[in-house]
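A quick write-up on the structure given underneath.
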Amino acid sequence: MKFLHVYPPSSFTSHYRITSHLHALTPPLHASGPSHPEIRLRKLVDERENLIEQVKRLKDQLEKKKPQNGEDSSSPDGDVQENGSDSNMDIQRDAGRQINDLKFKLVKSEQEITALEQNVIRLEGQVSRYKSGCENAEKVEDELKAEKRKLQRELRSALDKIEELDASNSHLSKRMEKIKAGRGTATTP
């Protein structure tokens with residue numbers, strides 16, 4: 001998603017920072033799709049762009065109406081001049097009010113974007129910690145599996161030796177009995 005809007009010089013750098021941060025987030029952390037903070041951040045960036053465009057449009061309209069109305073639309077006494085300048089003042093007041101509302105919304109959305117950026121940074125830190133913890137756990141698990149296989153081999157080897165020694169012991173016991181029996185018959189004529 002590319003943002004192709006013209007911004008006033010003061011907001012260009014913050015917009016560049018936000019959009020570049022968004023582009024850095026494009027590889028999803030989960031295979032299921034973008035996370036909730038990413039979606040909110042994108043919505044806020046879009047809303048911010050719309051508000052900036054509205055402010056520019058209203059300023060342009062205000063600038064166009066100023067030359068049409070002349071230098072000053074009210075007399076020195078504070079009375080409104082004739083020829084429809086009363087409605088022009090209302091329009092200017094409404095435009096000023098809308099500009100102030102949009103500026104407030106813009107500031108609020110920038111604060112939310114900052115909060116979401118901090119949240120994203122915090123979550124990325126958690127993900128990296130969980131990832132390293134998971135990698136360490138997998139390493140330990142592999143080491144434990146290798147140790148288990150080694151111990152099972154040693155156990156099988158020990159059981160085989162015990163079986164051999166039992167068989168040898170049994171054979172030697174039988175030989176000893178035969179020898180004792182042979183001695184017993186040799187001493188009794």
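Residues are named by chain letter and number: chains run A, B, ... in the order of the structure tokens, numbers start at 1 in each chain, and ligands are numbered from 1 in the order shown.
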Taking only residues of stretch 33-68 of chain A that have an atom at most 10 Å from an atom of stretch 110-117 of chain A, what is each one's shortest atom pair and its distance in Å to one decimal, using only C-alpha atoms, in chain and number order, as CSV?
residue,atom,partner,partner_atom,distance
A:Pro37,CA,A:Leu116,CA,6.5
A:Glu38,CA,A:Leu116,CA,8.2
A:Arg40,CA,A:Leu116,CA,8.0
A:Leu41,CA,A:Ile113,CA,6.1
A:Arg42,CA,A:Ile113,CA,9.0
A:Lys43,CA,A:Ile113,CA,9.7
A:Leu44,CA,A:Ile113,CA,6.6
A:Val45,CA,A:Ile113,CA,7.5
A:Arg48,CA,A:Glu110,CA,7.6
Can you tell me how far atom CA of A:Ser87 sits from atom CA of A:Leu62, in Å to one decimal?
13.4 Å
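The gap separating atom CA of A:Asp60 from atom CA of A:Asp101 is 16.7 Å, in Å to one decimal.
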Residue among A:Glu154, A:Lys64, A:Leu51, A:Ile179 lying closest to A:Phe104, counting only C-alpha atoms
A:Leu51
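Non-sequential neighbours of A:Ala95 (distance at most 9 Å, separation of 4 or more positions within a chain, only C-alpha atoms) are Leu58, Lys59, Gln61, Leu62, Asp90, Ile91, Ile99 and Asn100 of chain A.
Atom CA of A:Leu106 lies 9.5 Å from atom CA of A:Asn50.
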